[in-house]
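Pasted below: start.txt, compact mmCIF, C-alpha atoms.
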```
# COMPACT_ATOMS: atom_id res chain seq x y z
CA MET A 209 -25.91 37.90 -10.73
CA GLU A 210 -24.77 37.33 -7.16
CA ALA A 211 -25.46 33.60 -7.51
CA LEU A 212 -23.46 33.49 -10.72
CA LYS A 213 -20.54 35.17 -8.99
CA GLU A 214 -20.73 32.59 -6.22
CA LEU A 215 -20.62 29.76 -8.74
CA LEU A 216 -17.68 31.32 -10.53
CA ILE A 217 -15.75 31.56 -7.28
CA ILE A 218 -16.48 27.91 -6.47
CA GLY A 219 -15.40 26.93 -9.97
CA ILE A 220 -12.10 28.82 -10.03
CA GLY A 221 -11.37 27.82 -6.48
CA ALA A 222 -11.78 24.13 -7.24
CA ALA A 223 -10.02 24.18 -10.61
CA VAL A 224 -6.80 26.08 -9.90
CA VAL A 225 -6.56 27.47 -6.39
CA ASN A 226 -7.21 24.24 -4.51
CA ASN A 227 -6.09 22.02 -7.34
CA VAL A 228 -7.29 18.53 -6.64
CA VAL A 229 -4.00 16.80 -7.41
CA LEU A 230 -1.39 19.31 -6.42
CA SER A 231 -2.83 20.69 -3.24
CA GLN A 232 -5.39 18.16 -2.05
CA PHE A 233 -3.58 14.98 -3.10
CA LEU A 234 -6.60 13.27 -4.57
CA GLY A 235 -6.37 11.16 -7.71
CA LEU A 236 -2.63 10.71 -7.50
CA CYS A 237 -2.64 7.19 -8.93
CA PRO A 238 -3.88 8.16 -12.40
CA PHE A 239 -1.86 11.38 -12.16
CA PHE A 240 1.36 9.36 -11.90
CA GLY A 241 0.16 6.35 -13.87
CA VAL A 242 -1.27 7.76 -17.11
CA SER A 243 0.80 10.90 -17.52
CA LYS A 244 3.38 9.49 -19.90
CA LYS A 245 1.84 10.84 -23.09
CA ILE A 246 -0.26 13.92 -23.71
CA ASP A 247 -2.86 11.96 -25.71
CA THR A 248 -3.57 9.40 -23.02
CA ALA A 249 -3.45 12.06 -20.33
CA ALA A 250 -6.05 14.11 -22.19
CA GLY A 251 -8.19 10.98 -22.65
CA MET A 252 -8.05 10.24 -18.96
CA GLY A 253 -8.84 13.89 -18.22
CA GLY A 254 -11.90 13.76 -20.46
CA ALA A 255 -13.18 10.59 -18.80
CA VAL A 256 -12.61 12.09 -15.35
CA VAL A 257 -14.47 15.30 -16.23
CA PHE A 258 -17.38 13.25 -17.53
CA VAL A 259 -17.58 10.89 -14.55
CA ILE A 260 -16.92 13.37 -11.74
CA THR A 261 -19.48 15.86 -13.05
CA LEU A 262 -22.10 13.14 -13.31
CA ALA A 263 -21.15 11.54 -10.00
CA SER A 264 -21.20 14.78 -8.04
CA PHE A 265 -24.61 15.60 -9.51
CA VAL A 266 -26.03 12.19 -8.59
CA THR A 267 -24.46 12.00 -5.12
CA SER A 268 -25.62 15.56 -4.32
CA ILE A 269 -29.20 14.61 -5.21
CA ILE A 270 -29.04 11.36 -3.24
CA TYR A 271 -27.58 13.08 -0.21
CA LYS A 272 -29.98 15.98 -0.24
CA TYR A 273 -33.22 14.14 -0.95
CA ILE A 274 -32.65 10.67 0.52
CA LEU A 275 -29.89 10.54 3.14
CA ALA A 276 -30.46 13.98 4.65
CA ASN A 277 -34.24 13.72 4.34
CA GLU A 278 -36.04 14.80 7.52
CA ALA A 279 -37.81 11.47 7.80
CA ILE A 280 -34.80 9.24 7.08
CA HIS A 281 -31.72 10.88 8.59
CA MET A 282 -29.12 8.43 7.44
CA GLU A 283 -26.22 10.82 6.89
CA TYR A 284 -23.87 8.33 8.50
CA MET A 285 -24.36 5.99 5.55
CA GLN A 286 -22.78 8.47 3.14
CA THR A 287 -19.45 6.70 2.62
CA ILE A 288 -21.04 3.34 1.80
CA VAL A 289 -23.78 4.81 -0.35
CA PHE A 290 -21.47 7.12 -2.28
CA ILE A 291 -18.90 4.50 -3.16
CA LEU A 292 -21.55 2.04 -4.34
CA VAL A 293 -23.34 4.72 -6.33
CA ILE A 294 -20.07 5.74 -7.97
CA ALA A 295 -19.14 2.15 -8.81
CA ALA A 296 -22.58 1.46 -10.27
CA LEU A 297 -22.63 4.77 -12.13
CA VAL A 298 -19.30 4.07 -13.78
CA GLN A 299 -20.57 0.67 -14.94
CA PHE A 300 -23.75 2.20 -16.35
CA VAL A 301 -21.89 4.98 -18.12
CA GLU A 302 -19.59 2.42 -19.64
CA MET A 303 -22.45 0.23 -20.90
CA PHE A 304 -24.37 3.24 -22.16
CA LEU A 305 -21.41 4.65 -24.06
CA LYS A 306 -20.54 1.27 -25.54
CA LYS A 307 -24.05 0.86 -26.87
CA SER A 308 -24.98 4.40 -27.91
CA VAL A 309 -21.88 6.52 -28.44
CA PRO A 310 -19.20 4.09 -29.63
CA SER A 311 -16.89 6.86 -30.83
CA LEU A 312 -16.73 8.38 -27.36
CA TYR A 313 -16.43 4.92 -25.85
CA ASN A 314 -13.42 4.16 -28.02
CA SER A 315 -11.61 7.24 -26.78
CA LEU A 316 -12.62 7.10 -23.11
CA GLY A 317 -13.57 3.46 -22.63
CA VAL A 318 -10.35 2.04 -21.26
CA TYR A 319 -10.13 4.72 -18.60
CA LEU A 320 -13.65 4.37 -17.25
CA PRO A 321 -13.27 1.28 -15.01
CA LEU A 322 -10.15 2.78 -13.46
CA ILE A 323 -12.05 5.83 -12.31
CA THR A 324 -13.98 3.88 -9.67
CA THR A 325 -10.82 3.69 -7.62
CA ASN A 326 -9.87 7.29 -8.34
CA CYS A 327 -10.25 8.85 -4.93
CA ALA A 328 -11.03 12.23 -6.45
CA VAL A 329 -14.55 11.06 -7.33
CA LEU A 330 -15.44 10.03 -3.79
CA GLY A 331 -13.45 12.98 -2.46
CA VAL A 332 -15.51 15.52 -4.39
CA ALA A 333 -18.76 13.88 -3.26
CA ILE A 334 -17.67 14.14 0.38
CA ILE A 335 -16.36 17.70 0.00
CA ASN A 336 -19.75 18.70 -1.45
CA VAL A 337 -21.43 17.36 1.68
CA GLN A 338 -18.92 18.97 4.04
CA LYS A 339 -19.19 22.39 2.43
CA GLU A 340 -23.00 22.07 2.30
CA TYR A 341 -23.21 22.84 -1.40
CA ASN A 342 -26.61 22.57 -3.05
CA VAL A 343 -27.05 20.38 -6.13
CA LEU A 344 -26.04 23.07 -8.63
CA GLU A 345 -23.03 24.23 -6.61
CA GLY A 346 -22.01 20.61 -6.05
CA THR A 347 -22.13 19.82 -9.74
CA ILE A 348 -20.13 22.95 -10.61
CA ASN A 349 -17.61 22.07 -7.92
CA GLY A 350 -17.31 18.53 -9.36
CA PHE A 351 -16.88 19.81 -12.91
CA ALA A 352 -14.27 22.40 -11.90
CA THR A 353 -12.35 19.89 -9.79
CA ALA A 354 -12.19 17.53 -12.74
CA VAL A 355 -11.04 20.35 -15.01
CA GLY A 356 -8.29 21.07 -12.47
CA PHE A 357 -7.29 17.42 -12.59
CA THR A 358 -7.17 17.54 -16.40
CA ILE A 359 -5.03 20.69 -16.37
CA ALA A 360 -2.58 19.09 -13.96
CA ILE A 361 -2.30 15.74 -15.73
CA VAL A 362 -1.91 17.25 -19.21
CA LEU A 363 0.78 19.66 -17.98
CA MET A 364 2.51 16.75 -16.29
CA ALA A 365 2.38 14.64 -19.45
CA GLY A 366 3.88 17.52 -21.46
CA LEU A 367 6.74 17.82 -18.99
CA ARG A 368 7.35 14.08 -18.90
CA GLU A 369 7.49 13.85 -22.69
CA LYS A 370 10.30 16.41 -22.60
CA MET A 371 11.99 14.72 -19.65
CA GLU A 372 12.38 11.51 -21.66
CA TYR A 373 15.42 13.06 -23.33
CA ASN A 374 17.03 14.41 -20.20
CA ASP A 375 20.05 12.95 -18.52
CA ILE A 376 18.76 12.12 -15.04
CA PRO A 377 20.91 10.44 -12.35
CA LYS A 378 20.12 6.76 -12.22
CA ALA A 379 18.58 6.73 -8.77
CA PHE A 380 16.20 9.52 -9.75
CA GLN A 381 14.95 7.95 -12.96
CA GLY A 382 11.28 7.13 -13.07
CA PHE A 383 9.19 7.71 -10.00
CA PRO A 384 11.46 10.13 -8.04
CA SER A 385 11.89 12.52 -10.96
CA VAL A 386 8.12 12.54 -11.55
CA LEU A 387 7.56 13.33 -7.87
CA LEU A 388 10.06 16.19 -8.00
CA THR A 389 8.30 17.59 -11.07
CA ALA A 390 4.96 17.36 -9.27
CA GLY A 391 6.46 19.21 -6.31
CA LEU A 392 7.67 22.04 -8.54
CA MET A 393 4.24 22.19 -10.19
CA ALA A 394 2.65 22.38 -6.75
CA ILE A 395 4.84 25.38 -5.93
CA ALA A 396 3.78 27.01 -9.19
CA PHE A 397 0.13 26.44 -8.35
CA PHE A 398 0.64 28.27 -5.06
CA GLY A 399 0.81 31.35 -7.24
CA PHE A 400 -2.93 31.12 -7.80
CA SER A 401 -3.74 31.26 -4.14
CA GLY A 402 -4.15 35.02 -4.08
CA ILE A 403 -6.75 35.33 -6.82
CA ILE A 404 -9.87 34.72 -4.76
CA MET B 622 10.13 -19.10 7.43
CA LYS B 623 7.10 -21.13 6.46
CA PRO B 624 4.94 -19.42 3.89
CA ASN B 625 1.69 -18.03 5.29
CA SER B 626 2.86 -18.35 8.89
CA PRO B 627 2.16 -15.27 11.04
CA GLY B 628 5.84 -14.31 11.22
CA GLU B 629 6.35 -14.64 7.50
CA ARG B 630 3.25 -12.52 6.83
CA LEU B 631 4.47 -9.75 9.12
CA TYR B 632 7.94 -9.76 7.53
CA ASN B 633 6.38 -9.77 4.08
CA GLY B 634 4.15 -6.78 4.84
CA ILE B 635 6.69 -4.63 6.63
CA ILE B 636 9.85 -5.30 4.60
CA LYS B 637 9.54 -7.52 1.57
CA GLU B 638 6.38 -6.10 0.03
CA ASN B 639 6.18 -2.82 1.88
CA PRO B 640 3.05 -1.21 0.44
CA THR B 641 4.50 2.29 0.13
CA PHE B 642 8.07 1.75 -1.01
CA VAL B 643 7.86 -1.59 -2.82
CA LEU B 644 4.31 -1.89 -4.12
CA VAL B 645 3.76 1.91 -4.30
CA LEU B 646 0.12 1.67 -3.28
CA GLY B 647 -2.05 4.15 -1.42
CA MET B 648 -0.28 7.30 -2.56
CA CYS B 649 -3.06 9.73 -1.68
CA PRO B 650 -3.02 9.34 2.13
CA THR B 651 0.75 8.84 2.03
CA LEU B 652 1.28 12.32 0.68
CA ALA B 653 -1.72 14.10 2.14
CA VAL B 654 -1.67 13.40 5.85
CA THR B 655 2.07 13.24 6.51
CA THR B 656 2.43 16.85 7.58
CA ALA B 657 3.56 15.55 10.98
CA ALA B 658 4.81 12.22 12.28
CA MET B 659 1.81 11.92 14.60
CA ASN B 660 -0.69 12.25 11.74
CA GLY B 661 1.18 9.63 9.76
CA LEU B 662 1.13 7.26 12.72
CA GLY B 663 -2.59 7.89 13.28
CA MET B 664 -3.44 7.35 9.64
CA GLY B 665 -1.30 4.21 9.50
CA LEU B 666 -2.85 2.65 12.58
CA THR B 667 -6.37 3.53 11.43
CA THR B 668 -5.67 1.88 8.09
CA THR B 669 -4.15 -1.13 9.87
CA VAL B 670 -7.29 -1.67 11.93
CA ILE B 671 -9.55 -1.41 8.90
CA LEU B 672 -7.29 -3.62 6.79
CA THR B 673 -7.10 -6.31 9.46
CA MET B 674 -10.85 -6.32 10.06
CA SER B 675 -11.71 -6.36 6.37
CA ASN B 676 -9.18 -9.13 5.71
CA LEU B 677 -10.72 -11.14 8.55
CA PHE B 678 -14.25 -10.75 7.24
CA ILE B 679 -13.44 -11.29 3.61
CA SER B 680 -11.48 -14.38 4.49
CA LEU B 681 -14.44 -15.70 6.49
CA LEU B 682 -16.83 -14.94 3.65
CA ARG B 683 -14.54 -16.10 0.85
CA ASN B 684 -16.59 -19.21 0.09
CA VAL B 685 -19.92 -17.40 0.33
CA ILE B 686 -19.36 -14.36 -1.89
CA PRO B 687 -20.17 -15.18 -5.54
CA ASP B 688 -17.25 -14.52 -7.81
CA LYS B 689 -19.10 -12.10 -10.08
CA VAL B 690 -20.12 -9.62 -7.41
CA ARG B 691 -17.01 -9.88 -5.26
CA MET B 692 -15.72 -6.35 -5.88
CA PRO B 693 -18.95 -4.63 -4.73
CA ALA B 694 -19.11 -7.05 -1.80
CA TYR B 695 -15.56 -6.20 -0.75
CA ILE B 696 -16.28 -2.49 -1.10
CA VAL B 697 -19.32 -2.79 1.17
CA VAL B 698 -17.28 -4.65 3.81
CA VAL B 699 -14.49 -2.08 3.70
CA ALA B 700 -16.86 0.89 3.65
CA SER B 701 -18.74 -0.46 6.69
CA PHE B 702 -15.54 -0.73 8.71
CA VAL B 703 -14.41 2.71 7.56
CA THR B 704 -17.71 4.20 8.72
CA MET B 705 -17.42 2.48 12.10
CA VAL B 706 -13.82 3.58 12.62
CA GLN B 707 -14.72 7.10 11.53
CA PHE B 708 -17.32 7.35 14.29
CA LEU B 709 -15.01 5.79 16.88
CA LEU B 710 -12.33 8.36 16.04
CA GLN B 711 -14.83 11.19 16.10
CA GLY B 712 -16.01 10.08 19.53
CA PHE B 713 -12.77 9.14 21.24
CA ILE B 714 -9.85 10.85 19.43
CA PRO B 715 -11.39 14.05 18.03
CA SER B 716 -7.97 15.68 17.54
CA LEU B 717 -6.89 12.93 15.14
CA TYR B 718 -10.32 13.01 13.49
CA ASP B 719 -9.88 16.72 12.76
CA ALA B 720 -6.30 16.29 11.56
CA LEU B 721 -7.13 13.52 9.10
CA GLY B 722 -10.43 15.05 7.99
CA ILE B 723 -11.66 13.94 4.59
CA TYR B 724 -8.95 11.28 4.30
CA ILE B 725 -10.72 9.00 6.78
CA PRO B 726 -13.71 8.24 4.53
CA LEU B 727 -11.26 8.04 1.62
CA ILE B 728 -9.61 4.99 3.20
CA VAL B 729 -12.36 3.11 1.32
CA VAL B 730 -10.59 3.75 -1.97
CA ASN B 731 -7.12 3.03 -0.59
CA CYS B 732 -5.71 0.51 -3.07
CA ILE B 733 -3.89 -1.38 -0.33
CA ILE B 734 -7.11 -2.58 1.29
CA LEU B 735 -8.93 -3.74 -1.82
CA GLY B 736 -5.67 -5.08 -3.17
CA ARG B 737 -5.08 -7.31 -0.14
CA ALA B 738 -8.73 -8.39 -0.13
CA GLU B 739 -8.52 -9.49 -3.73
CA SER B 740 -5.03 -10.92 -3.85
CA TYR B 741 -4.72 -12.45 -0.38
CA ALA B 742 -7.75 -12.62 1.92
CA SER B 743 -10.05 -14.06 -0.73
CA LYS B 744 -7.74 -17.04 -1.20
CA ASN B 745 -6.30 -17.76 2.25
CA GLY B 746 -7.36 -18.86 5.70
CA VAL B 747 -8.52 -16.58 8.48
CA VAL B 748 -5.41 -16.52 10.68
CA ALA B 749 -3.03 -15.95 7.78
CA SER B 750 -5.28 -13.18 6.45
CA ILE B 751 -5.37 -11.42 9.81
CA PHE B 752 -1.59 -11.42 10.02
CA ASP B 753 -1.33 -10.35 6.42
CA GLY B 754 -3.54 -7.37 7.30
CA ILE B 755 -1.48 -6.53 10.37
CA GLY B 756 1.82 -6.87 8.47
CA MET B 757 0.72 -4.77 5.50
CA GLY B 758 -0.86 -2.21 7.81
CA LEU B 759 2.29 -1.91 9.91
CA GLY B 760 4.41 -1.65 6.77
CA PHE B 761 2.22 1.23 5.66
CA THR B 762 2.33 2.78 9.13
CA VAL B 763 6.13 2.61 9.36
CA SER B 764 6.66 4.19 5.95
CA ILE B 765 4.21 7.04 6.35
CA THR B 766 5.44 7.76 9.87
CA ILE B 767 9.00 8.04 8.51
CA LEU B 768 7.75 10.35 5.79
CA GLY B 769 5.85 12.41 8.35
CA ALA B 770 8.88 12.57 10.65
CA PHE B 771 11.11 13.91 7.85
CA ARG B 772 8.56 16.53 6.89
CA GLU B 773 7.97 17.59 10.48
CA LEU B 774 11.71 17.73 11.20
CA ILE B 775 12.55 19.91 8.21
CA GLY B 776 9.35 21.92 8.19
CA ALA B 777 8.90 22.57 11.91
CA GLY B 778 12.12 21.37 13.57
CA GLN B 779 10.16 18.82 15.60
CA ILE B 780 9.38 15.11 15.65
CA PHE B 781 6.15 13.99 17.34
CA GLY B 782 5.88 17.54 18.64
CA LEU B 783 9.25 17.42 20.44
CA GLN B 784 11.75 20.11 19.53
CA ILE B 785 14.75 18.42 17.88
CA MET B 786 16.48 21.18 15.99
CA PRO B 787 18.32 23.93 17.89
CA ASP B 788 16.50 27.21 18.35
CA SER B 789 18.61 28.89 15.70
CA TYR B 790 17.13 26.55 13.04
CA VAL B 791 14.72 28.34 10.74
CA PRO B 792 11.97 25.89 9.73
CA VAL B 793 11.47 25.42 6.00
CA THR B 794 7.71 25.77 6.02
CA ILE B 795 7.27 24.51 2.48
CA PHE B 796 7.98 20.97 3.66
CA ILE B 797 4.75 20.98 5.64
CA LEU B 798 2.86 22.38 2.66
CA ALA B 799 1.85 20.37 -0.40
CA PRO B 800 5.11 20.54 -2.45
CA GLY B 801 7.15 19.25 0.48
CA ALA B 802 5.27 15.95 0.39
CA PHE B 803 6.38 15.37 -3.19
CA PHE B 804 9.99 16.37 -2.48
CA VAL B 805 10.43 14.17 0.58
CA LEU B 806 8.85 11.13 -1.06
CA ALA B 807 11.00 11.71 -4.15
CA MET B 808 14.14 11.69 -1.99
CA LEU B 809 13.07 8.57 -0.10
CA ALA B 810 12.23 6.80 -3.37
CA ALA B 811 15.60 7.81 -4.82
CA VAL B 812 17.40 6.48 -1.75
CA ARG B 813 15.45 3.28 -2.08
CA ASN B 814 16.45 3.02 -5.76
CA LYS B 815 20.07 3.58 -4.82
CA VAL B 816 19.98 0.90 -2.14
CA MET B 817 18.18 -1.58 -4.35
CA ASP B 818 20.51 -0.84 -7.26
CA GLY B 819 22.38 -3.94 -8.30
CA LYS B 820 20.07 -6.30 -6.48
CA PRO B 821 17.77 -8.31 -8.72
CA LYS B 822 15.01 -5.96 -9.66
CA LYS B 823 11.56 -6.76 -8.46
CA GLU B 824 8.76 -5.38 -10.49
CA TYR B 825 8.66 -1.77 -9.38
CA SER B 826 5.65 -0.11 -10.79
CA MET B 827 4.60 3.41 -10.00
CA HIS B 828 1.47 2.75 -11.96
CA SER B 829 0.18 0.55 -9.19
CA CYS B 830 -3.40 1.57 -9.43
CA ILE B 831 -3.52 2.18 -13.11
CA GLU B 832 -1.32 0.00 -15.19
CA GLY B 833 -0.84 -2.77 -12.69
CA CYS B 834 -4.42 -3.86 -12.23
CA GLU B 835 -3.11 -7.05 -10.68
CA ALA B 836 -1.37 -5.07 -7.97
CA CYS B 837 -4.50 -3.10 -7.33
CA GLY B 838 -6.73 -6.11 -7.16
CA ASN B 839 -9.47 -4.47 -9.15
CA LYS B 840 -10.04 -6.98 -11.91
CA SER B 841 -13.17 -5.26 -13.16
CA CYS B 842 -11.26 -3.81 -16.08
CA GLY B 843 -10.97 -7.30 -17.52
CA GLY B 844 -7.46 -6.84 -18.84
CA ARG B 845 -8.43 -4.08 -21.20
CA ILE B 846 -5.58 -1.98 -19.95
CA SER B 847 -3.01 -4.30 -21.41
CA SER B 848 -4.86 -4.34 -24.72
CA ALA B 849 -4.91 -0.55 -24.66
CA LYS B 850 -1.18 -0.54 -24.14
CA GLU B 851 -0.66 -2.81 -27.11
CA LYS B 852 -2.64 -0.43 -29.28
CA GLU B 853 -0.28 2.40 -28.46
```

As C-alpha cells, please, write out the structure in this file.
Amino acid sequence: MEALKELLIIGIGAAVVNNVVLSQFLGLCPFFGVSKKIDTAAGMGGAVVFVITLASFVTSIIYKYILANEAIHMEYMQTIVFILVIAALVQFVEMFLKKSVPSLYNSLGVYLPLITTNCAVLGVAIINVQKEYNVLEGTINGFATAVGFTIAIVLMAGLREKMEYNDIPKAFQGFPSVLLTAGLMAIAFFGFSGII
Amino acid sequence: MKPNSPGERLYNGIIKENPTFVLVLGMCPTLAVTTAAMNGLGMGLTTTVILTMSNLFISLLRNVIPDKVRMPAYIVVVASFVTMVQFLLQGFIPSLYDALGIYIPLIVVNCIILGRAESYASKNGVVASIFDGIGMGLGFTVSITILGAFRELIGAGQIFGLQIMPDSYVPVTIFILAPGAFFVLAMLAAVRNKVMDGKPKKEYSMHSCIEGCEACGNKSCGGRISSAKEKE
C-alpha cells in the first residue's frame, strides 16, 4: 500500500504539479508547433505518451543493469547511450506499428519521427537517473510526464482554436499571443503546487 | 561581404539568421535557464563551444559519413562533445553546472546544433563551418542573455547580480518563475514583429522543430509532415 502511495505521488507530481511543458520547459517545440487543432494535438499527445512510457522503461533498464552495473560503471555514457536508444526505439516503434497495427500507425505515424527531437523524452530519462527511480517508478514517471504534456497541449489547442476569432493587435499575432497564453496557463498550473 | 567568409558567417549568425528571434530554434533552453542574465550567458557560451566543435568535426567528416546514417552519426558527435563539456563544467565551474542542471545534457537535442550540422557543416569547408558555429552560437548567446537580463531586472531588480533598481522597487518574483519566461519572450517577439513590420517578410516559423523540418535539419521524417498537412 505504501509503495502504491509512493507511485501515485510520483505520478501526480509529474503530470500536473511539475508539468513538463509549463514548469520544466521540456518539449516546447511540439507544444507550440502542433497545437493549432485539438485533433492533431491529441494525436501528438497519444504518440508522446506511447514513446515516453516505452523509452523511460527501456532507458531505466539499460541504466540500471548495464551502465550502472558494478562491473561496468559507465554512468558517464548516459547522454550518448540514451539519445541513441531513443532514436533507435522510435524507428523500431514506427516500423512495428506500420507492419502490425496500421490503424494506430495512421493516427500516430506522422508524429513519431518528430519525437526523437522532443527534449521531453531525453529529459525524462535523465530525470529518472537523477532522482534514482527504480524501473517501475521510472516508467510511471515517464507515463505521467507524458500525460502532463498531453493535458497541456490539448488545453493549448482548445484555447488557440478560440483565439482564431479574436481581434489581436498585429504585432502580437501568432507566436507572441501563443506565448502569452502559455504564460497564463503556467500561472494556472501553479495552483496545483500545494496538492502534494 | 563575400558569402561564407568568416565575417559574413558571424553577421549571419548574430543578426540575419539569429537562431532565437529569426529562426526560433532551441526554445527549451531559451525559456528554461534564463532566470538570470548570468545563466543565459553561461548556457549560450556552453552551446557556442559545443556548436563550434561539432561543426568542425562534422565538416571534417562530411565526406566520410555515409548519407544514410548521417543523423545518428551527427547525434553521436554532438552527444560526445556535450558529455565532455558537462564534465569540464562540473569540474571547473560547479556553480554554473548546478544552475543549468538537466539542461546541459539536453543540449544534445537543441535544434540549433543538429540544424547547423545538417544544413551547413555537412556541405561546407572547415573554416567556414567553424565561423558559422561561432556566429550562430553568439547569436544564441546574445538573445538569451538579453532575455535573462530582462527577467532578472524585473524579477530581482538586478542585472548580472548588480543592483540596478532603487531600493524602493519591489521585485515581481513571477518573472523569475516559469510564467515570466513566456511573458518576456512574448514581449520581445512582439517588439521584433513591430520592428520587422513593413519590411519584406522572411519566413518566420514558430514551428521550427515541427513543421519546418528543413529548419530543424532532421530529414528523417522524409517529408511526411507536408503530406500530413495536405491531408488536413

**Request:** List every protein, DNA or RNA residue that has at least one atom no more than 9 Å from (-15.6, -5.4, 1.7) in the file's coordinates, counting all atoms listed in the file, and write the result as a list in words.
**Result:**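 Residues with an atom at most 9 Å from (-15.6, -5.4, 1.7): Ser675, Asn676, Phe678, Ile679, Arg691, Met692, Pro693, Ala694, Tyr695, Ile696, Val697, Val698, Val699, Ala700, Ser701, Phe702, Ile734, Leu735 and Ala738 of chain B.
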
**Asp247 (chain A) environment, 12 Å, only C-alpha atoms, sequence neighbours closer than 6 positions dropped, as a list in words** = Gly253, Gly254, Ser315, Leu316, Thr358, Ile361, Val362, Leu363, Met364, Ala365, Gly366 and Glu369 of chain A; Glu853 of chain B

**Selected residue of minimal separation from chain B among A:Leu320, A:Ile274, A:Met371, A:Ala394, counting only C-alpha atoms** = A:Ala394

**Asked** For Tyr632 (chain B), which of B:Leu798, B:Leu759, B:Leu783, B:Met648 is the closest residue, counting all atoms listed in the file?
**Response**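 The shortest atom-to-atom distance to Tyr632 (chain B) comes from B:Leu759.
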
**Message:** Taking only C-alpha atoms into account, find every residue of chain A that has an atom no more than 7 Å from chain B, and write it out as number ranges by chain.
**Reply:** A: 230-234, 236-238, 240-241, 287-288, 318, 321-322, 325, 327, 331, 379-380, 383-385, 387-388, 390-392, 394-395

**Request:** Just give me the gap between CA of Pro310 (chain A) and CA of Asn326 (chain A) in Å, one decimal is fine.
**Result:**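 Atom-to-atom, CA of Pro310 (chain A) to CA of Asn326 (chain A), that is 23.5 Å.
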
**Request:** Would you work out the distance separating CA of Gly663 (chain B) from CA of Ile714 (chain B), expressed in Å to one decimal?
**Result:**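 Answer for the CA of Gly663 (chain B) to CA of Ile714 (chain B) separation: 10.0 Å.
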
**Asked** Using only C-alpha atoms, which of A:Phe239, A:Ala222, A:Ala276, A:Met285 sits nearest Thr389 (chain A)?
**Response**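 Among A:Phe239, A:Ala222, A:Ala276, A:Met285, it is A:Phe239 that comes nearest to Thr389 (chain A).
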
**Prompt:** Given the choices A:Ile217, A:Val266, A:Val332, A:Lys339, which gets closest to Phe357 (chain A) if the distance is worked out from all atoms listed in the file?
**Reply:**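 That would be A:Val332, the residue with the smallest distance to Phe357 (chain A).
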
**Prompt:** B:Gln784, B:Asn684, B:Gln711, B:Leu644: which is nearest Ala770 (chain B), counting only C-alpha atoms?
**Reply:** B:Gln784

**Non-local contacts of region 291-307 of chain A (7 Å; all atoms listed in the file; under 6 positions in same chain excluded) as a PyMOL selection string** = chain A and resi 263+313+317+320-321+324+330

**Item:** Atomic distance CA of Glu638 (chain B) - CA of Ala328 (chain A), expressed in Å with one decimal
**Value:**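 CA of Ala328 (chain A) lies 26.1 Å from CA of Glu638 (chain B).
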
Can you save region 372-386 of chain A of the given block to a file, including C-alpha atoms and formatted as an mmCIF file, in the first residue's frame?
```
data_model
loop_
_atom_site.group_PDB
_atom_site.id
_atom_site.type_symbol
_atom_site.label_atom_id
_atom_site.label_comp_id
_atom_site.auth_asym_id
_atom_site.auth_seq_id
_atom_site.Cartn_x
_atom_site.Cartn_y
_atom_site.Cartn_z
ATOM 1 C CA GLU A 372 -8.521 32.341 -34.111
ATOM 2 C CA TYR A 373 -11.575 34.586 -33.968
ATOM 3 C CA ASN A 374 -10.143 37.177 -31.632
ATOM 4 C CA ASP A 375 -9.011 40.609 -32.644
ATOM 5 C CA ILE A 376 -5.345 40.622 -31.618
ATOM 6 C CA PRO A 377 -3.011 43.588 -32.245
ATOM 7 C CA LYS A 378 -0.920 42.935 -35.305
ATOM 8 C CA ALA A 379 2.425 42.698 -33.553
ATOM 9 C CA PHE A 380 1.043 40.099 -31.156
ATOM 10 C CA GLN A 381 -0.474 37.825 -33.775
ATOM 11 C CA GLY A 382 0.970 34.358 -33.976
ATOM 12 C CA PHE A 383 3.885 33.460 -31.769
ATOM 13 C CA PRO A 384 3.642 36.245 -29.118
ATOM 14 C CA SER A 385 -0.029 35.599 -28.379
ATOM 15 C CA VAL A 386 0.653 31.870 -28.038
#
```
